[in-house]
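A.B. asks: I have a structure I would like to understand better, so I am pasting it below and will then ask my questions one at a time.
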Amino acid sequence: MWTYLSEWLQLAVRWIHVVTAIAWIGSSFYFIALDLGLRKRRVLPEGVAGDAWQVHGGGFYHMQKYTVAPEEMPDELTWFKWESYSTWLSGFALLFLLYYLHPALYLISPEKVDLPAWGAVLIGIAGLALGWIVYDLLCKSRLRANDTALLAVLFVFVVASSFLFDQVFSGRGAMLHTGALIATIMSANVFFIIIPNQKIVVADLKAGKSPDPALGKAAKQRSLHNNYLTLPVVFLMLSNHYPLAFATEWNWVIAGLVLLIGAVVRHFFNTMHATGEKLWWCWPLAGIFFIIVITLSGAPGWRSGADAGATSQREFSADPQYALAHSPHLQDAEAIIAARCSMCHAKEPLWPGMIHAPKNVRLETADEIVHYAALIERQAVRSHAMPPGNVTGLEPSERAVLATWLADGQTPGLGKGL
Ligand code: HEC
């Protein structure tokens, strides 16, 4: 019963998480565009730094920004914070339901470090907390006077964290924790810096005191970091569905390149909102970074040597089913899959707590194996995403046998004459 409910709980929490994240990132994009688009067009009321006219949903809006604040505080002030908090809370709940309740499936890689379940969970949580502390100290150090230098140091810090996560976790667990670290930094920025600083400013103004400008400056800097982190965090959260992105030893370099792509694309939009100028060079640059990501995902690793590269040389043709079903190597592939995959990918899986085949992928008969050939290639040959953490000990030589069978799919007519 629990496994059944847990599946629905995961879907419900994921649903909430995606919705809250849309609300958060949506309002964040809106306010960045609004802020950068404000103009000092004509004589504006006292205290107004700029205004903008907008049209949406059948009405016209006249937005004005007061810096530092209006002469008199309005009675009703809308704060934007729950979008951020609920995204983090639902995200952590999802991390818990998937990775911390099933560390053997999603987090631990015995080939790297054979962690006990509690150890993996502890490293995950401690990594996120420690990551925030280090980030916060960096932002409060002397580096804070120089936005660009601080951003460069933070870039190195996030890539280094990603590398460290990859030393202890599966590729999937490492990429997700890199995303979770960035998300934690973003939400903690709102919770510990941006909102509290703004509250002090409001209280000071109400008391007739002039607020400390350092408060606003620090909040603005954290807001700038959040702006540049929105695109990479979404990629990292989605990456766990794509083994080519995470199941490679270069996943931490991919995380770094994705940070650069996010920064370049945000730069294009930020500049366009602020000045109207379109920096078209940003797009080909982002494209080049993405091509490097794609290339790295198939490159040989530094641990496994030429192994990954050799198998990724093989191309998989579009309609190989007949040849695969008649390949002389099918029996060998079947035996390997029965030994290494079917304990989970069966109508009645033997893996404790599993009530049906994951993603409904059953690999019990030759027909099923042929049917899922393309997915098997992606999950177990081109990438090493399956078996998760290699729990069933699939040997490199066995991956090579699977590759040989899959390569037969490209030989049209194979088997017809037999
Ligand atoms: C310990 C249990 C276990 C073993 C053993 C295992 N898998 Fe999986 N497999 C999973 C889980 C869990 C998922 C779902 C992953 C997710 O939620 O993204 C999965 C997903 C898959 C998918 C679907 C991926 C997708 O998202 O479309 C394929 C294909 C697959 N496995 C192939 C294999 C192959 C081939 C083997 C053997 C070499 C194997 N698995 C061994 C647990 C296992």
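Ordering of the structure tokens sets the chain letters (A, B, ...); residue numbers start at 1 within each chain; ligands are numbered from 1 in the order shown.
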What residues have any atom no more than 6 Å from ligand 1 when counting only C-alpha atoms and all ligand atoms, and can you list them as a VMD selection string?
C.D. replies: chain A and resid 105 241 337 340 to 341 343 to 344 358 to 359 361 375 to 376 379 to 380 386 to 388 392
A.B. asks: How would the residues just chosen look if you wrote them out with N, CA and C atoms as a compact mmCIF listing (two decimals), in the first residue's frame?
C.D. replies:
```
# COMPACT_ATOMS: atom_id res chain seq x y z
N LEU A 105 18.63 3.44 -5.17
CA LEU A 105 18.23 3.58 -6.57
C LEU A 105 18.76 4.85 -7.20
N HIS A 241 16.30 13.35 -15.75
CA HIS A 241 15.53 12.49 -16.66
C HIS A 241 16.34 12.15 -17.91
N ILE A 337 20.63 -9.42 -19.54
CA ILE A 337 19.52 -8.61 -19.02
C ILE A 337 18.73 -9.37 -17.96
N ARG A 340 20.96 -9.07 -14.86
CA ARG A 340 21.31 -7.75 -14.31
C ARG A 340 20.15 -6.75 -14.25
N CYS A 341 19.08 -7.01 -14.97
CA CYS A 341 18.03 -5.98 -15.06
C CYS A 341 16.66 -6.48 -14.59
N MET A 343 15.44 -8.21 -12.26
CA MET A 343 14.98 -8.19 -10.87
C MET A 343 14.14 -6.94 -10.57
N CYS A 344 14.39 -5.88 -11.33
CA CYS A 344 13.56 -4.68 -11.18
C CYS A 344 12.57 -4.56 -12.34
N PRO A 358 9.87 -0.27 -13.09
CA PRO A 358 10.08 1.18 -13.16
C PRO A 358 9.76 1.71 -14.55
N LYS A 359 9.01 2.80 -14.61
CA LYS A 359 8.60 3.42 -15.87
C LYS A 359 7.87 2.42 -16.78
N VAL A 361 8.88 -0.27 -17.78
CA VAL A 361 9.80 -0.93 -18.73
C VAL A 361 10.05 -2.35 -18.22
N LEU A 375 16.02 2.32 -25.78
CA LEU A 375 16.15 2.80 -24.40
C LEU A 375 17.27 2.08 -23.67
N ILE A 376 17.42 0.79 -23.94
CA ILE A 376 18.51 0.03 -23.30
C ILE A 376 19.85 0.63 -23.72
N GLN A 379 20.35 3.90 -21.82
CA GLN A 379 20.49 3.80 -20.36
C GLN A 379 21.68 2.95 -19.91
N ALA A 380 22.02 1.93 -20.71
CA ALA A 380 23.02 0.99 -20.20
C ALA A 380 24.27 0.89 -21.07
N MET A 386 21.89 2.85 -16.02
CA MET A 386 21.32 1.58 -15.56
C MET A 386 22.41 0.52 -15.55
N PRO A 387 22.37 -0.43 -14.63
CA PRO A 387 21.53 -0.45 -13.42
C PRO A 387 21.89 0.71 -12.50
N PRO A 388 20.92 1.22 -11.73
CA PRO A 388 21.20 2.38 -10.88
C PRO A 388 22.36 2.08 -9.94
N THR A 392 23.57 -4.20 -9.58
CA THR A 392 23.65 -5.63 -9.91
C THR A 392 24.98 -5.99 -10.55
```
A.B. asks: Give me the residues near Ala247 of chain A as a PyMOL selection string, where near means some atom within 9 Å (using only C-alpha atoms) and where sequence neighbours in that chain fewer than 6 positions away do not count.
C.D. replies: chain A and resi 170-172+297+379+383-385
A.B. asks: For segment 248-311 of chain A versus segment 135-155 of chain A, which residues have an atom no more than 9 Å away, and what is each residue's nearest atom pair and distance in Å rounded to one decimal, using only C-alpha atoms, chain-then-number order, as JSON lines?
C.D. replies:
```
{"residue": "A:Gly256", "atom": "CA", "partner": "A:Phe155", "partner_atom": "CA", "distance": 7.5}
{"residue": "A:Leu259", "atom": "CA", "partner": "A:Phe155", "partner_atom": "CA", "distance": 7.6}
{"residue": "A:Leu260", "atom": "CA", "partner": "A:Phe155", "partner_atom": "CA", "distance": 8.7}
```
A.B. asks: Write the residues of the selection above to a file with all heavy atoms, as a PDB file, in the first residue's frame.
C.D. replies:
```pdb
ATOM      1  N   GLY A 256      29.022  23.228 -15.150  1.00  0.00           N
ATOM      2  CA  GLY A 256      29.700  24.514 -15.307  1.00  0.00           C
ATOM      3  C   GLY A 256      29.322  25.200 -16.611  1.00  0.00           C
ATOM      4  O   GLY A 256      29.041  26.397 -16.648  1.00  0.00           O
ATOM      5  N   LEU A 259      25.932  26.695 -16.422  1.00  0.00           N
ATOM      6  CA  LEU A 259      25.958  27.981 -15.704  1.00  0.00           C
ATOM      7  C   LEU A 259      26.328  29.104 -16.672  1.00  0.00           C
ATOM      8  O   LEU A 259      25.745  30.190 -16.642  1.00  0.00           O
ATOM      9  CB  LEU A 259      26.988  27.950 -14.575  1.00  0.00           C
ATOM     10  CG  LEU A 259      26.611  27.200 -13.290  1.00  0.00           C
ATOM     11  CD1 LEU A 259      27.834  27.040 -12.406  1.00  0.00           C
ATOM     12  CD2 LEU A 259      25.531  27.960 -12.531  1.00  0.00           C
ATOM     13  N   LEU A 260      27.307  28.832 -17.554  1.00  0.00           N
ATOM     14  CA  LEU A 260      27.730  29.851 -18.515  1.00  0.00           C
ATOM     15  C   LEU A 260      26.619  30.142 -19.526  1.00  0.00           C
ATOM     16  O   LEU A 260      26.346  31.297 -19.850  1.00  0.00           O
ATOM     17  CB  LEU A 260      28.995  29.405 -19.250  1.00  0.00           C
ATOM     18  CG  LEU A 260      30.250  29.261 -18.372  1.00  0.00           C
ATOM     19  CD1 LEU A 260      31.432  28.775 -19.204  1.00  0.00           C
ATOM     20  CD2 LEU A 260      30.594  30.586 -17.693  1.00  0.00           C
TER      21      LEU A 260
END
```
A.B. asks: List the spatial neighbours of Val68 of chain A as a list in words - criterion: any atom at most 9 Å away, only C-alpha atoms, same-chain residues fewer than 6 positions off excluded.
C.D. replies: Gly47, Val48, Ala49, Val201, Pro211 and Gly216 of chain A
A.B. asks: Take the residues from that selection and put them in a file with N, CA, C and O atoms, as a PDB file, in the first residue's frame.
C.D. replies:
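Output file again-v6.pdb follows:
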```pdb
ATOM      1  N   GLY A  47      10.121  61.451  -5.428  1.00  0.00           N
ATOM      2  CA  GLY A  47      10.541  60.122  -4.951  1.00  0.00           C
ATOM      3  C   GLY A  47      10.448  59.027  -6.001  1.00  0.00           C
ATOM      4  O   GLY A  47      10.936  57.923  -5.800  1.00  0.00           O
ATOM      5  N   VAL A  48       9.805  59.290  -7.166  1.00  0.00           N
ATOM      6  CA  VAL A  48       9.672  58.248  -8.189  1.00  0.00           C
ATOM      7  C   VAL A  48      10.890  58.291  -9.123  1.00  0.00           C
ATOM      8  O   VAL A  48      11.212  59.335  -9.685  1.00  0.00           O
ATOM      9  N   ALA A  49      11.565  57.129  -9.241  1.00  0.00           N
ATOM     10  CA  ALA A  49      12.798  57.086 -10.021  1.00  0.00           C
ATOM     11  C   ALA A  49      12.536  56.803 -11.496  1.00  0.00           C
ATOM     12  O   ALA A  49      13.343  57.125 -12.356  1.00  0.00           O
ATOM     13  N   VAL A 201      14.294  48.055   6.405  1.00  0.00           N
ATOM     14  CA  VAL A 201      14.132  49.335   5.709  1.00  0.00           C
ATOM     15  C   VAL A 201      12.735  49.902   5.959  1.00  0.00           C
ATOM     16  O   VAL A 201      12.570  51.079   6.290  1.00  0.00           O
ATOM     17  N   PRO A 211      17.125  54.653   6.365  1.00  0.00           N
ATOM     18  CA  PRO A 211      17.684  53.299   6.417  1.00  0.00           C
ATOM     19  C   PRO A 211      19.129  53.243   5.914  1.00  0.00           C
ATOM     20  O   PRO A 211      19.543  54.080   5.116  1.00  0.00           O
ATOM     21  N   GLY A 216      20.069  47.655   1.320  1.00  0.00           N
ATOM     22  CA  GLY A 216      19.519  47.578  -0.028  1.00  0.00           C
ATOM     23  C   GLY A 216      20.552  47.051  -1.017  1.00  0.00           C
ATOM     24  O   GLY A 216      20.237  46.277  -1.915  1.00  0.00           O
TER      25      GLY A 216
END
```
A.B. asks: Which neighbours of Met1 of chain A fall inside 12 Å, counting only C-alpha atoms, when residues of the same chain fewer than 5 positions from it are skipped, and could you give them as a PyMOL selection string?
C.D. replies: chain A and resi 6-8+353-355
A.B. asks: Write the residues of the selection above to a file with N, CA and C atoms, as a JSON list (two decimals), in the first residue's frame.
C.D. replies:
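Dumped to out.json:
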```
[["chain", "number", "residue", "atom", "x", "y", "z"],
["A", 6, "SER", "N", 3.04, 6.08, -2.25],
["A", 6, "SER", "CA", 4.26, 6.89, -2.38],
["A", 6, "SER", "C", 4.42, 7.38, -3.82],
["A", 7, "GLU", "N", 4.02, 6.54, -4.78],
["A", 7, "GLU", "CA", 4.09, 6.94, -6.18],
["A", 7, "GLU", "C", 3.18, 8.16, -6.43],
["A", 8, "TRP", "N", 1.96, 8.11, -5.88],
["A", 8, "TRP", "CA", 1.04, 9.22, -6.06],
["A", 8, "TRP", "C", 1.49, 10.46, -5.31],
["A", 353, "GLY", "N", 10.15, -3.46, -2.07],
["A", 353, "GLY", "CA", 9.38, -2.22, -2.10],
["A", 353, "GLY", "C", 8.96, -1.77, -3.48],
["A", 354, "MET", "N", 9.37, -2.52, -4.52],
["A", 354, "MET", "CA", 9.00, -2.13, -5.89],
["A", 354, "MET", "C", 7.77, -2.94, -6.28],
["A", 355, "ILE", "N", 6.67, -2.25, -6.68],
["A", 355, "ILE", "CA", 5.47, -3.03, -6.98],
["A", 355, "ILE", "C", 5.23, -3.23, -8.46]]
```
A.B. asks: Any idea what the distance is between atom CA of Tyr85 of chain A and atom CA of Ala188 of chain A?
C.D. replies: 8.7 Å
A.B. asks: As a PyMOL selection string, please: every residue in segment 70-294 of chain A that DSSP puts in helix (DSSP H, G or I).
C.D. replies: chain A and resi 82-100+103-106+117-140+142-145+147-168+171-206+213-239+243-246+251-275+282-294
A.B. asks: If we count only C-alpha atoms and set the cut-off at 10 Å, which residues sit around Val370 of chain A, ignoring sequence neighbours fewer than 2 positions away in its own chain? Please answer as a PDB file with N, CA and C atoms, in the first residue's frame.
C.D. replies:
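And here's out37.pdb as it stands now:
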```pdb
ATOM      1  N   PRO A 320      15.521  -0.826 -36.571  1.00  0.00           N
ATOM      2  CA  PRO A 320      16.406  -1.977 -36.480  1.00  0.00           C
ATOM      3  C   PRO A 320      15.718  -3.221 -35.911  1.00  0.00           C
ATOM      4  N   GLN A 321      14.406  -3.109 -35.653  1.00  0.00           N
ATOM      5  CA  GLN A 321      13.745  -4.151 -34.870  1.00  0.00           C
ATOM      6  C   GLN A 321      13.921  -5.571 -35.456  1.00  0.00           C
ATOM      7  N   TYR A 322      13.761  -5.672 -36.773  1.00  0.00           N
ATOM      8  CA  TYR A 322      13.828  -7.004 -37.375  1.00  0.00           C
ATOM      9  C   TYR A 322      15.212  -7.615 -37.187  1.00  0.00           C
ATOM     10  N   ALA A 323      16.225  -6.791 -37.526  1.00  0.00           N
ATOM     11  CA  ALA A 323      17.600  -7.279 -37.413  1.00  0.00           C
ATOM     12  C   ALA A 323      17.938  -7.618 -35.963  1.00  0.00           C
ATOM     13  N   LEU A 324      17.456  -6.801 -35.046  1.00  0.00           N
ATOM     14  CA  LEU A 324      17.753  -7.057 -33.631  1.00  0.00           C
ATOM     15  C   LEU A 324      17.124  -8.364 -33.165  1.00  0.00           C
ATOM     16  N   ALA A 325      15.891  -8.601 -33.626  1.00  0.00           N
ATOM     17  CA  ALA A 325      15.176  -9.800 -33.192  1.00  0.00           C
ATOM     18  C   ALA A 325      15.804 -11.062 -33.768  1.00  0.00           C
ATOM     19  N   HIS A 326      16.552 -10.893 -34.889  1.00  0.00           N
ATOM     20  CA  HIS A 326      17.165 -12.067 -35.523  1.00  0.00           C
ATOM     21  C   HIS A 326      18.667 -12.104 -35.359  1.00  0.00           C
ATOM     22  N   LEU A 330      21.385 -11.983 -29.809  1.00  0.00           N
ATOM     23  CA  LEU A 330      20.233 -11.681 -28.956  1.00  0.00           C
ATOM     24  C   LEU A 330      20.233 -12.533 -27.691  1.00  0.00           C
ATOM     25  N   ALA A 333      22.532 -11.224 -25.077  1.00  0.00           N
ATOM     26  CA  ALA A 333      21.993 -10.002 -24.477  1.00  0.00           C
ATOM     27  C   ALA A 333      20.871 -10.354 -23.503  1.00  0.00           C
ATOM     28  N   GLU A 334      20.025 -11.313 -23.924  1.00  0.00           N
ATOM     29  CA  GLU A 334      18.912 -11.738 -23.076  1.00  0.00           C
ATOM     30  C   GLU A 334      19.404 -12.277 -21.740  1.00  0.00           C
ATOM     31  N   LEU A 363      11.614  -6.070 -18.918  1.00  0.00           N
ATOM     32  CA  LEU A 363      12.655  -6.677 -19.749  1.00  0.00           C
ATOM     33  C   LEU A 363      12.763  -8.166 -19.433  1.00  0.00           C
ATOM     34  N   THR A 365      11.123 -10.811 -21.615  1.00  0.00           N
ATOM     35  CA  THR A 365      11.120 -11.701 -22.783  1.00  0.00           C
ATOM     36  C   THR A 365      11.955 -11.083 -23.899  1.00  0.00           C
ATOM     37  N   ALA A 366      12.317 -11.898 -24.896  1.00  0.00           N
ATOM     38  CA  ALA A 366      13.100 -11.396 -26.024  1.00  0.00           C
ATOM     39  C   ALA A 366      12.341 -10.270 -26.734  1.00  0.00           C
ATOM     40  N   ASP A 367      11.028 -10.434 -26.867  1.00  0.00           N
ATOM     41  CA  ASP A 367      10.224  -9.404 -27.540  1.00  0.00           C
ATOM     42  C   ASP A 367      10.330  -8.067 -26.815  1.00  0.00           C
ATOM     43  N   GLU A 368      10.224  -8.136 -25.485  1.00  0.00           N
ATOM     44  CA  GLU A 368      10.286  -6.893 -24.707  1.00  0.00           C
ATOM     45  C   GLU A 368      11.668  -6.246 -24.848  1.00  0.00           C
ATOM     46  N   TYR A 372      12.460  -2.491 -26.397  1.00  0.00           N
ATOM     47  CA  TYR A 372      13.079  -1.387 -25.656  1.00  0.00           C
ATOM     48  C   TYR A 372      14.550  -1.167 -26.036  1.00  0.00           C
ATOM     49  N   ALA A 373      14.971  -1.739 -27.184  1.00  0.00           N
ATOM     50  CA  ALA A 373      16.396  -1.686 -27.539  1.00  0.00           C
ATOM     51  C   ALA A 373      16.965  -0.262 -27.469  1.00  0.00           C
ATOM     52  N   ALA A 374      16.233   0.702 -28.030  1.00  0.00           N
ATOM     53  CA  ALA A 374      16.767   2.071 -28.083  1.00  0.00           C
ATOM     54  C   ALA A 374      16.975   2.626 -26.671  1.00  0.00           C
ATOM     55  N   LEU A 375      16.022   2.315 -25.782  1.00  0.00           N
ATOM     56  CA  LEU A 375      16.145   2.799 -24.403  1.00  0.00           C
ATOM     57  C   LEU A 375      17.272   2.084 -23.668  1.00  0.00           C
ATOM     58  N   ILE A 376      17.421   0.791 -23.944  1.00  0.00           N
ATOM     59  CA  ILE A 376      18.507   0.031 -23.300  1.00  0.00           C
ATOM     60  C   ILE A 376      19.848   0.625 -23.722  1.00  0.00           C
ATOM     61  N   LEU A 406      23.269  -4.527 -30.121  1.00  0.00           N
ATOM     62  CA  LEU A 406      22.602  -3.317 -30.625  1.00  0.00           C
ATOM     63  C   LEU A 406      23.152  -2.915 -31.990  1.00  0.00           C
ATOM     64  N   GLY A 409      21.563  -4.096 -35.079  1.00  0.00           N
ATOM     65  CA  GLY A 409      20.370  -3.387 -35.527  1.00  0.00           C
ATOM     66  C   GLY A 409      20.647  -2.527 -36.740  1.00  0.00           C
TER      67      GLY A 409
END
```
A.B. asks: Would you mind listing what lies within 7 Å of Cys282 of chain A as a list of chain:residue names, with only C-alpha atoms counted and same-chain residues fewer than 4 positions away left out?
C.D. replies: A:Val264, A:Val265, A:Phe268, A:Ala286
A.B. asks: From the set A:His356, A:His273, A:Lys112, A:His177, which residue has the shortest atom-to-atom contact distance to Leu128 of chain A, counting only C-alpha atoms?
C.D. replies: A:His177
A.B. asks: Select, from A:Pro110, A:Gly58, A:Pro103, A:Gly179, the residue with the minimum atom-to-atom distance to Leu122 of chain A, counting only C-alpha atoms.
C.D. replies: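 Closest to Leu122 of chain A, using only C-alpha atoms: A:Pro103.
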A.B. asks: With only C-alpha atoms as the basis for distance, which of A:Ala129, A:Ala12, A:Ala403, A:Ala69 is at the shortest distance from Gln198 of chain A?
C.D. replies: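 Nearest candidate to Gln198 of chain A out of A:Ala129, A:Ala12, A:Ala403, A:Ala69: A:Ala69.
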